[in-house]
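Printed here is target.cif (mmCIF, C-alpha atoms):
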```cif
data_model
#
loop_
_atom_site.label_atom_id
_atom_site.label_comp_id
_atom_site.auth_asym_id
_atom_site.auth_seq_id
_atom_site.Cartn_x
_atom_site.Cartn_y
_atom_site.Cartn_z
CA MET A 63 19.20 -31.24 -11.86
CA LEU A 64 16.90 -28.27 -12.22
CA SER A 65 15.21 -29.07 -8.91
CA VAL A 66 18.60 -29.06 -7.17
CA ALA A 67 19.42 -25.70 -8.76
CA LEU A 68 16.03 -24.39 -7.70
CA GLN A 69 16.60 -25.49 -4.12
CA VAL A 70 20.06 -23.89 -4.01
CA ALA A 71 18.61 -20.67 -5.44
CA LEU A 72 15.82 -20.78 -2.85
CA GLY A 73 18.48 -20.98 -0.16
CA MET A 74 20.32 -17.99 -1.63
CA VAL A 75 17.14 -15.91 -1.78
CA ALA A 76 16.26 -16.89 1.80
CA LEU A 77 19.73 -15.75 2.92
CA ALA A 78 19.20 -12.52 0.95
CA MET A 79 15.93 -11.93 2.81
CA ALA A 80 17.66 -12.46 6.16
CA LEU A 81 20.31 -9.87 5.20
CA THR A 82 17.59 -7.46 4.13
CA VAL A 83 15.96 -7.83 7.55
CA VAL A 84 19.35 -6.94 9.10
CA ARG A 85 19.24 -3.62 7.24
CA LEU A 86 15.57 -3.19 8.15
CA VAL A 87 16.35 -3.52 11.86
CA ARG A 88 19.59 -1.54 11.77
CA GLY A 89 18.27 1.45 9.80
CA PRO A 90 19.70 3.99 10.57
CA THR A 91 17.35 6.36 8.68
CA VAL A 92 13.69 5.84 7.79
CA ALA A 93 14.65 5.86 4.10
CA ASP A 94 17.03 2.92 4.71
CA ARG A 95 14.17 0.97 6.25
CA ILE A 96 11.84 1.75 3.34
CA LEU A 97 14.58 0.64 0.92
CA ALA A 98 14.98 -2.58 2.92
CA LEU A 99 11.21 -3.21 2.79
CA ASP A 100 11.19 -2.60 -0.97
CA THR A 101 14.09 -5.03 -1.41
CA LEU A 102 12.31 -7.54 0.81
CA SER A 103 9.26 -7.48 -1.46
CA ILE A 104 11.44 -8.01 -4.56
CA ASN A 105 13.16 -10.91 -2.77
CA ALA A 106 9.75 -12.35 -1.89
CA ILE A 107 8.78 -12.22 -5.57
CA ALA A 108 11.96 -14.12 -6.47
CA LEU A 109 11.21 -16.67 -3.73
CA LEU A 110 7.64 -17.21 -4.94
CA LEU A 111 8.69 -17.57 -8.58
CA LEU A 112 11.32 -20.17 -7.60
CA ALA A 113 8.82 -22.04 -5.44
CA GLY A 114 6.30 -21.88 -8.29
CA MET A 115 8.82 -23.50 -10.67
CA LEU A 116 9.70 -26.16 -8.10
CA LEU A 117 6.12 -27.04 -7.13
CA GLN A 118 4.56 -26.42 -10.57
CA GLY A 119 1.76 -24.41 -9.03
CA ALA A 120 0.03 -21.57 -10.84
CA MET A 121 -1.29 -20.08 -7.61
CA LEU A 122 2.15 -18.87 -6.56
CA PHE A 123 2.39 -16.73 -9.67
CA GLU A 124 -0.69 -14.78 -8.61
CA ALA A 125 0.84 -14.27 -5.16
CA ALA A 126 4.06 -12.96 -6.76
CA LEU A 127 2.09 -10.56 -8.94
CA LEU A 128 0.17 -9.26 -5.92
CA ILE A 129 3.35 -8.70 -3.92
CA ALA A 130 4.90 -6.91 -6.90
CA MET A 131 1.98 -4.49 -7.02
CA THR A 132 1.45 -3.93 -3.29
CA GLY A 133 5.23 -3.66 -2.77
CA PHE A 134 5.51 -0.84 -5.27
CA VAL A 135 2.42 1.00 -4.04
CA SER A 136 3.52 0.79 -0.40
CA THR A 137 7.02 2.05 -1.26
CA ALA A 138 5.46 4.98 -3.12
CA ALA A 139 3.08 5.70 -0.22
CA LEU A 140 5.88 5.55 2.38
CA CYS A 141 8.09 7.87 0.29
CA ARG A 142 5.21 10.30 -0.02
CA PHE A 143 4.76 10.17 3.72
CA LEU A 144 8.45 10.96 4.14
CA LEU A 145 8.18 13.85 1.66
CA ARG A 146 4.94 15.45 2.80
CA GLY A 147 4.18 13.90 6.20
CA ASP A 148 0.88 12.80 4.70
CA VAL A 149 -0.13 10.03 2.29
CA ILE A 150 -3.38 11.42 0.90
CA GLY A 151 -3.97 15.12 0.30
CA MET B 233 19.17 -31.90 -21.27
CA LEU B 234 20.71 -28.75 -22.69
CA ILE B 235 17.55 -26.86 -21.80
CA GLU B 236 17.75 -28.11 -18.24
CA ILE B 237 21.38 -26.95 -17.97
CA VAL B 238 20.53 -23.50 -19.34
CA ALA B 239 17.53 -23.18 -17.01
CA SER B 240 19.58 -24.32 -14.00
CA VAL B 241 22.36 -21.82 -14.75
CA LEU B 242 19.81 -19.01 -15.13
CA VAL B 243 18.10 -19.95 -11.87
CA LEU B 244 21.42 -19.99 -10.01
CA LEU B 245 22.46 -16.66 -11.56
CA GLY B 246 19.13 -15.15 -10.54
CA GLY B 247 19.52 -16.37 -6.97
CA ALA B 248 23.13 -15.15 -6.85
CA PHE B 249 22.24 -11.65 -8.07
CA THR B 250 19.40 -11.42 -5.57
CA LEU B 251 21.85 -12.36 -2.84
CA VAL B 252 24.43 -9.83 -4.07
CA GLY B 253 21.76 -7.11 -3.97
CA SER B 254 21.04 -7.82 -0.32
CA ILE B 255 24.73 -8.12 0.55
CA GLY B 256 25.16 -4.67 -0.98
CA LEU B 257 22.25 -3.40 1.09
CA VAL B 258 24.06 -4.48 4.26
CA ARG B 259 27.67 -3.74 3.29
CA LEU B 260 27.65 -0.44 1.39
CA PRO B 261 28.50 2.62 3.48
CA ASP B 262 25.76 5.23 2.93
CA PHE B 263 22.17 5.53 1.73
CA PHE B 264 22.86 6.53 -1.88
CA THR B 265 25.38 3.75 -2.49
CA ARG B 266 22.99 1.29 -0.82
CA LEU B 267 20.25 2.41 -3.21
CA HIS B 268 22.30 1.02 -6.14
CA ALA B 269 22.45 -2.59 -5.02
CA PRO B 270 18.77 -3.57 -4.79
CA THR B 271 17.52 -1.55 -7.76
CA LYS B 272 19.89 -3.37 -10.08
CA ALA B 273 20.88 -6.69 -8.61
CA ALA B 274 17.40 -7.54 -7.36
CA THR B 275 15.73 -6.74 -10.67
CA LEU B 276 18.22 -8.86 -12.60
CA GLY B 277 17.83 -11.55 -9.95
CA VAL B 278 14.13 -11.76 -10.72
CA GLY B 279 15.02 -11.34 -14.42
CA GLY B 280 17.26 -14.42 -14.35
CA ILE B 281 14.62 -16.52 -12.64
CA VAL B 282 11.99 -15.35 -15.13
CA ALA B 283 14.34 -16.15 -18.03
CA ALA B 284 14.76 -19.67 -16.63
CA GLY B 285 10.98 -20.00 -16.43
CA LEU B 286 10.69 -18.84 -20.05
CA VAL B 287 13.29 -21.38 -21.22
CA GLN B 288 11.53 -24.14 -19.30
CA SER B 289 8.04 -23.36 -20.57
CA ALA B 290 9.28 -22.80 -24.13
CA ALA B 291 10.78 -26.30 -24.02
CA ALA B 292 7.52 -27.69 -22.64
CA GLY B 293 5.65 -26.03 -25.50
CA THR B 294 3.59 -23.73 -23.30
CA MET B 295 3.70 -19.96 -23.31
CA GLY B 296 5.37 -18.67 -20.15
CA LEU B 297 4.43 -15.06 -20.66
CA ARG B 298 2.95 -14.62 -17.17
CA GLU B 299 6.34 -14.50 -15.47
CA LEU B 300 7.50 -12.04 -18.10
CA ALA B 301 4.72 -9.68 -16.99
CA ILE B 302 6.17 -9.62 -13.46
CA ALA B 303 9.68 -8.90 -14.76
CA LEU B 304 8.33 -6.11 -16.97
CA PHE B 305 6.43 -4.64 -14.02
CA LEU B 306 9.57 -4.69 -11.83
CA PHE B 307 11.72 -3.09 -14.54
CA ILE B 308 9.23 -0.25 -14.83
CA THR B 309 8.65 0.28 -11.09
CA ALA B 310 12.21 -0.17 -9.78
CA PRO B 311 13.48 3.17 -11.17
CA VAL B 312 10.36 4.93 -9.92
CA SER B 313 10.78 3.61 -6.35
CA ALA B 314 14.50 4.45 -6.42
CA HIS B 315 13.72 7.96 -7.63
CA LEU B 316 11.01 8.50 -5.00
CA LEU B 317 13.33 7.29 -2.24
CA SER B 318 16.26 9.46 -3.27
CA LYS B 319 13.98 12.45 -3.69
CA ALA B 320 12.51 11.89 -0.22
CA VAL B 321 16.01 11.72 1.27
CA LEU B 322 17.21 14.85 -0.54
CA ARG B 323 14.18 16.88 0.57
CA HIS B 324 14.50 15.50 4.08
CA ARG B 325 18.12 16.55 4.35
CA ASP B 326 17.60 20.18 3.40
CA PRO B 327 14.08 21.48 4.14
CA PRO B 328 12.43 23.79 1.57
CA GLY B 329 13.81 27.30 1.61
CA SER B 330 17.40 26.41 2.43
CA MET C 485 -6.08 9.33 -32.58
CA SER C 486 -9.83 9.50 -32.03
CA ARG C 487 -12.14 9.88 -29.05
CA VAL C 488 -12.80 6.15 -28.93
CA LEU C 489 -9.13 5.19 -29.13
CA PRO C 490 -6.99 8.03 -27.74
CA GLN C 491 -3.79 5.97 -27.47
CA PRO C 492 -3.86 2.92 -29.76
CA LEU C 493 -0.37 1.74 -28.75
CA VAL C 494 -1.17 1.84 -25.03
CA SER C 495 -4.45 -0.03 -25.67
CA LEU C 496 -2.59 -2.70 -27.65
CA MET C 497 -0.03 -3.14 -24.86
CA ILE C 498 -2.74 -3.47 -22.20
CA LEU C 499 -4.55 -6.10 -24.30
CA ALA C 500 -1.31 -8.05 -24.84
CA LEU C 501 -0.52 -7.90 -21.11
CA TRP C 502 -4.05 -9.02 -20.21
CA ILE C 503 -3.86 -12.06 -22.48
CA ALA C 504 -0.35 -12.86 -21.17
CA ILE C 505 -1.49 -12.79 -17.54
CA ALA C 506 -4.77 -14.69 -18.11
CA PRO C 507 -4.62 -18.29 -16.81
CA SER C 508 -5.66 -19.69 -20.20
CA PRO C 509 -6.17 -17.64 -23.37
CA SER C 510 -9.78 -17.84 -24.50
CA LEU C 511 -12.25 -15.70 -26.43
CA GLY C 512 -13.81 -14.47 -23.19
CA GLN C 513 -10.43 -13.24 -21.96
CA VAL C 514 -9.81 -11.42 -25.27
CA VAL C 515 -13.20 -9.67 -25.00
CA LEU C 516 -12.63 -8.75 -21.34
CA GLY C 517 -9.07 -7.58 -22.15
CA SER C 518 -10.37 -5.43 -25.01
CA VAL C 519 -12.86 -3.72 -22.70
CA VAL C 520 -10.07 -2.95 -20.21
CA ALA C 521 -7.71 -1.85 -23.00
CA LEU C 522 -10.34 0.61 -24.25
CA ALA C 523 -11.39 1.84 -20.80
CA ILE C 524 -7.97 2.54 -19.24
CA PRO C 525 -6.66 5.00 -21.91
CA TRP C 526 -10.10 6.64 -21.89
CA PHE C 527 -9.85 7.27 -18.15
CA THR C 528 -6.16 8.20 -18.04
CA HIS C 529 -6.17 10.31 -21.21
CA PRO C 530 -6.65 13.63 -19.34
CA PHE C 531 -3.41 12.96 -17.43
CA TRP C 532 -1.42 12.74 -20.67
CA PRO C 533 -1.73 16.23 -22.09
CA ASP C 534 0.50 15.62 -25.08
CA PRO C 535 1.85 12.09 -25.49
CA PRO C 536 4.96 12.02 -27.70
CA ARG C 537 4.83 10.10 -30.98
CA LEU C 538 6.99 7.06 -31.63
CA LEU C 539 8.74 8.09 -34.85
CA ARG C 540 11.42 5.42 -35.22
CA PRO C 541 10.28 2.01 -33.89
CA GLY C 542 13.42 0.34 -35.32
CA VAL C 543 15.75 2.56 -33.29
CA ALA C 544 13.55 1.96 -30.23
CA ALA C 545 13.92 -1.83 -30.58
CA LEU C 546 17.70 -1.43 -30.94
CA LEU C 547 17.85 0.81 -27.85
CA PHE C 548 15.77 -1.76 -25.92
CA LEU C 549 18.26 -4.55 -26.74
CA ARG C 550 21.20 -2.27 -25.87
CA VAL C 551 19.65 -1.42 -22.48
CA ILE C 552 19.01 -5.13 -21.71
CA TRP C 553 22.66 -5.91 -22.57
CA ASP C 554 23.91 -2.98 -20.47
CA ILE C 555 21.79 -4.12 -17.50
CA VAL C 556 23.49 -7.54 -17.57
CA VAL C 557 27.00 -6.03 -17.90
CA ALA C 558 26.19 -3.43 -15.20
CA ASN C 559 25.06 -6.10 -12.79
CA VAL C 560 28.32 -8.01 -13.07
CA GLU C 561 30.16 -4.72 -12.52
CA VAL C 562 28.01 -3.76 -9.50
CA ALA C 563 28.36 -7.28 -8.06
CA ARG C 564 32.16 -6.92 -8.29
CA LEU C 565 32.01 -3.54 -6.51
CA VAL C 566 29.66 -4.83 -3.81
CA LEU C 567 31.73 -7.92 -3.04
CA GLY C 568 35.11 -6.15 -3.32
CA PRO C 569 36.74 -3.94 -0.67
CA ALA C 570 34.33 -1.17 0.36
CA ASP C 571 36.95 1.60 0.62
CA ARG C 572 37.68 1.31 -3.10
CA LEU C 573 34.37 2.94 -4.09
CA HIS C 574 34.29 6.45 -5.51
CA PRO C 575 30.66 7.56 -5.23
CA VAL C 576 29.94 10.95 -6.84
CA PHE C 577 27.00 13.14 -7.76
CA ILE C 578 26.97 14.15 -11.43
CA GLU C 579 25.00 17.00 -12.98
CA LEU C 580 23.91 15.83 -16.42
CA PRO C 581 22.78 18.65 -18.73
CA LEU C 582 19.58 17.54 -20.51
CA GLU C 583 18.85 18.19 -24.17
CA ILE C 584 15.41 16.56 -23.94
CA ASP C 585 12.48 18.83 -23.15
CA ASP C 586 9.56 16.40 -23.16
CA PRO C 587 8.81 15.16 -19.61
CA PHE C 588 7.83 11.67 -20.82
CA VAL C 589 11.07 11.16 -22.78
CA ALA C 590 13.12 12.61 -19.93
CA THR C 591 11.47 10.07 -17.62
CA ILE C 592 12.49 7.22 -19.94
CA LEU C 593 16.08 8.52 -19.92
CA ALA C 594 16.06 8.78 -16.10
CA SER C 595 14.71 5.22 -15.82
CA ILE C 596 17.35 3.85 -18.20
CA ILE C 597 20.07 5.60 -16.17
CA THR C 598 18.74 4.05 -12.97
CA LEU C 599 18.66 0.55 -14.45
CA THR C 600 22.18 0.64 -15.99
CA PRO C 601 25.93 0.85 -15.11
CA GLY C 602 26.32 1.94 -11.48
CA THR C 603 24.31 5.11 -12.04
CA LEU C 604 21.07 6.32 -10.45
CA SER C 605 18.85 9.27 -11.33
CA VAL C 606 18.26 11.22 -8.14
CA ASP C 607 16.50 14.41 -9.10
CA ILE C 608 15.45 16.39 -12.14
CA ASP C 609 15.67 20.16 -12.30
CA ARG C 610 13.21 21.20 -15.00
CA ALA C 611 14.09 24.91 -14.75
CA ARG C 612 17.83 24.40 -15.24
CA ARG C 613 17.32 21.27 -17.41
CA VAL C 614 19.73 19.26 -15.33
CA LEU C 615 19.44 15.65 -14.25
CA LEU C 616 21.16 14.87 -10.95
CA VAL C 617 22.79 11.44 -11.21
CA HIS C 618 24.49 9.47 -8.45
CA ALA C 619 27.28 7.16 -9.60
CA LEU C 620 28.64 4.28 -7.56
CA ASP C 621 32.19 4.27 -8.84
CA VAL C 622 33.25 6.90 -11.37
CA ALA C 623 36.75 8.31 -11.83
CA ASP C 624 36.17 10.32 -15.02
CA VAL C 625 32.97 12.40 -14.76
CA PRO C 626 33.01 14.05 -18.25
CA ALA C 627 33.55 10.64 -19.90
CA THR C 628 30.53 9.20 -18.04
CA ILE C 629 28.34 12.13 -19.08
CA ASP C 630 29.50 11.68 -22.65
CA THR C 631 28.72 7.94 -22.57
CA ILE C 632 25.19 8.47 -21.23
CA LYS C 633 24.47 11.18 -23.81
CA ARG C 634 25.81 9.11 -26.70
CA ARG C 635 24.38 5.72 -25.74
CA TYR C 636 20.91 6.70 -24.49
CA GLU C 637 20.02 10.35 -25.00
CA ALA C 638 20.91 10.55 -28.69
CA PRO C 639 18.80 7.48 -29.67
CA LEU C 640 15.88 8.74 -27.55
CA LYS C 641 15.99 12.08 -29.35
CA GLU C 642 15.92 10.23 -32.65
CA ILE C 643 13.05 7.93 -31.60
CA PHE C 644 10.73 10.69 -30.44
CA GLY C 645 12.08 13.47 -32.66
CA CYS C 646 12.74 16.03 -29.94
#
```
Rewrite the coordinates I just gave you, this time as structure tokens.
Amino acid sequence: MLSVALQVALGMVALAMALTVVRLVRGPTVADRILALDTLSINAIALLLLAGMLLQGAMLFEAALLIAMTGFVSTAALCRFLLRGDVIG
Amino acid sequence: MLIEIVASVLVLLGGAFTLVGSIGLVRLPDFFTRLHAPTKAATLGVGGIVAAGLVQSAAAGTMGLRELAIALFLFITAPVSAHLLSKAVLRHRDPPGS
Amino acid sequence: MSRVLPQPLVSLMILALWIAIAPSPSLGQVVLGSVVALAIPWFTHPFWPDPPRLLRPGVAALLFLRVIWDIVVANVEVARLVLGPADRLHPVFIELPLEIDDPFVATILASIITLTPGTLSVDIDRARRVLLVHALDVADVPATIDTIKRRYEAPLKEIFGC
């Protein structure tokens, strides 16, 4: 039963990612696109955690952790770029 | 059996909240309202999935603390990203001096 | 505390996190985690000029549980708003007068506001001591301000004694 639930949830998260890409393409502002990218990384974490539970693989956890960290750092860097027009300095 | 039901419900709730977050991202009318949906729904979406993982590993007798670390990380970073984004938009809208 | 252990609580949390993330807990991981837990506060200490003291851990635990509960309730509420008719929303900006002076505690309050009931911290004005909050659907602004102050700000003031 759990594997069915996991597969349904995987479908929902995949649909969520598709919707996020709609916002990413549509914009209209740069901030909207950054927000969509940030949401996409959170969705990817959810997807990897679900896949990890379904496949019983420890590797996927590491991937989720990496995406969590790079997702946050890239959002911060992009916001800084929007604020200052420069990432470092 | 009961554990499997609880885990399944949590997994489905997590998936549903993730989906609602993205629906909000597409449907809501302006940037600040859109900012609400992912910061909350997406974090609880991951939270629900992590809770299911915790229930499952607790039943199996192993410690499932690794997933909890991800949830903790997201709950700390989500407000920071949201704040940075809204700050960037506010500054962008009215340049310094106005 | 001392030069070796500037922030014992932060060190303890880093060690716990390290052991939690490690693939399998072993003595080697504990030793490695301890080194990291000692090194990180030592390096980041200069960036924390005056870390506030945790005076009431019991109240902090209670506030933590309350925030978790509010996040769940808030999500159901936000889900209802997102899926319902879009023209029914009443988004507003609220200026929340802050009683907290400490930047660290104010950051915790801002984060709690972002994570809970349809509200989002947008900006903080340190000079005027005002927190700019965006709310997704609020009809009664003074009542919302009152709720935030009572539910989150008052316990935070008690926890850190400021």
Once the PyMOL selection byres ((chain B) within 7 of (chain C)) has been evaluated on this model, what residues remain selected, and can you format them as a list in words?
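So the PyMOL selection byres ((chain B) within 7 of (chain C)) ends up selecting Val252, Gly256, Leu260, Thr265, His268, Lys272, Ala273, Leu297, Arg298, Ala301, Pro311, His315, Ser318 and Lys319 of chain B.
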For the residues in the current selection, export C-alpha atoms as an mmCIF file, keeping the file's coordinate frame.
```cif
data_model
loop_
_atom_site.group_PDB
_atom_site.id
_atom_site.type_symbol
_atom_site.label_atom_id
_atom_site.label_comp_id
_atom_site.auth_asym_id
_atom_site.auth_seq_id
_atom_site.Cartn_x
_atom_site.Cartn_y
_atom_site.Cartn_z
ATOM 1 C CA VAL B 252 24.430 -9.830 -4.070
ATOM 2 C CA GLY B 256 25.160 -4.670 -0.980
ATOM 3 C CA LEU B 260 27.650 -0.440 1.390
ATOM 4 C CA THR B 265 25.380 3.750 -2.490
ATOM 5 C CA HIS B 268 22.300 1.020 -6.140
ATOM 6 C CA LYS B 272 19.890 -3.370 -10.080
ATOM 7 C CA ALA B 273 20.880 -6.690 -8.610
ATOM 8 C CA LEU B 297 4.430 -15.060 -20.660
ATOM 9 C CA ARG B 298 2.950 -14.620 -17.170
ATOM 10 C CA ALA B 301 4.720 -9.680 -16.990
ATOM 11 C CA PRO B 311 13.480 3.170 -11.170
ATOM 12 C CA HIS B 315 13.720 7.960 -7.630
ATOM 13 C CA SER B 318 16.260 9.460 -3.270
ATOM 14 C CA LYS B 319 13.980 12.450 -3.690
#
```
Could the residues of chain A within 9 Å of chain B, counting only C-alpha atoms, be given as number ranges by chain, please?
A: 63-68, 70-82, 84-85, 91, 93-94, 96-98, 100-102, 104-105, 107-109, 111-112, 115, 123, 126-127, 130-131, 134, 137-138, 140-146
Rounded to one decimal, what separation in Å do you get between CA of Leu117 in chain A and CA of Val287 in chain B?
16.8 Å
Using CA of Val617 in chain C and CA of Leu580 in chain C as the two end points, give the distance in Å to one decimal.
6.9 Å
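Atom pair CA of Leu99 in chain A / CA of Val83 in chain A has a distance of 8.2 Å (rounded to one decimal).
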Would you mind completing range 92-103 of chain A so that it carries N, CA and C atoms, and writing it out as a PDB file, in the coordinates of the input?
```pdb
ATOM      1  N   VAL A  92      14.970   6.400   8.235  1.00  0.00           N
ATOM      2  CA  VAL A  92      13.690   5.840   7.790  1.00  0.00           C
ATOM      3  C   VAL A  92      13.796   5.388   6.336  1.00  0.00           C
ATOM      4  N   ALA A  93      14.515   6.191   5.517  1.00  0.00           N
ATOM      5  CA  ALA A  93      14.650   5.860   4.100  1.00  0.00           C
ATOM      6  C   ALA A  93      15.347   4.506   3.920  1.00  0.00           C
ATOM      7  N   ASP A  94      16.348   4.211   4.775  1.00  0.00           N
ATOM      8  CA  ASP A  94      17.030   2.920   4.710  1.00  0.00           C
ATOM      9  C   ASP A  94      16.052   1.783   4.962  1.00  0.00           C
ATOM     10  N   ARG A  95      15.146   2.013   5.921  1.00  0.00           N
ATOM     11  CA  ARG A  95      14.170   0.970   6.250  1.00  0.00           C
ATOM     12  C   ARG A  95      13.177   0.766   5.108  1.00  0.00           C
ATOM     13  N   ILE A  96      12.753   1.883   4.482  1.00  0.00           N
ATOM     14  CA  ILE A  96      11.840   1.750   3.340  1.00  0.00           C
ATOM     15  C   ILE A  96      12.530   0.983   2.208  1.00  0.00           C
ATOM     16  N   LEU A  97      13.812   1.332   1.963  1.00  0.00           N
ATOM     17  CA  LEU A  97      14.580   0.640   0.920  1.00  0.00           C
ATOM     18  C   LEU A  97      14.681  -0.846   1.233  1.00  0.00           C
ATOM     19  N   ALA A  98      14.898  -1.172   2.525  1.00  0.00           N
ATOM     20  CA  ALA A  98      14.980  -2.580   2.920  1.00  0.00           C
ATOM     21  C   ALA A  98      13.649  -3.287   2.684  1.00  0.00           C
ATOM     22  N   LEU A  99      12.535  -2.613   3.011  1.00  0.00           N
ATOM     23  CA  LEU A  99      11.210  -3.210   2.790  1.00  0.00           C
ATOM     24  C   LEU A  99      10.966  -3.457   1.301  1.00  0.00           C
ATOM     25  N   ASP A 100      11.364  -2.470   0.477  1.00  0.00           N
ATOM     26  CA  ASP A 100      11.190  -2.600  -0.970  1.00  0.00           C
ATOM     27  C   ASP A 100      11.996  -3.799  -1.485  1.00  0.00           C
ATOM     28  N   THR A 101      13.248  -3.904  -1.011  1.00  0.00           N
ATOM     29  CA  THR A 101      14.090  -5.030  -1.410  1.00  0.00           C
ATOM     30  C   THR A 101      13.491  -6.351  -0.944  1.00  0.00           C
ATOM     31  N   LEU A 102      12.930  -6.330   0.263  1.00  0.00           N
ATOM     32  CA  LEU A 102      12.310  -7.540   0.810  1.00  0.00           C
ATOM     33  C   LEU A 102      11.164  -8.012  -0.078  1.00  0.00           C
ATOM     34  N   SER A 103      10.376  -7.068  -0.597  1.00  0.00           N
ATOM     35  CA  SER A 103       9.260  -7.480  -1.460  1.00  0.00           C
ATOM     36  C   SER A 103       9.778  -8.046  -2.782  1.00  0.00           C
TER      37      SER A 103
END
```
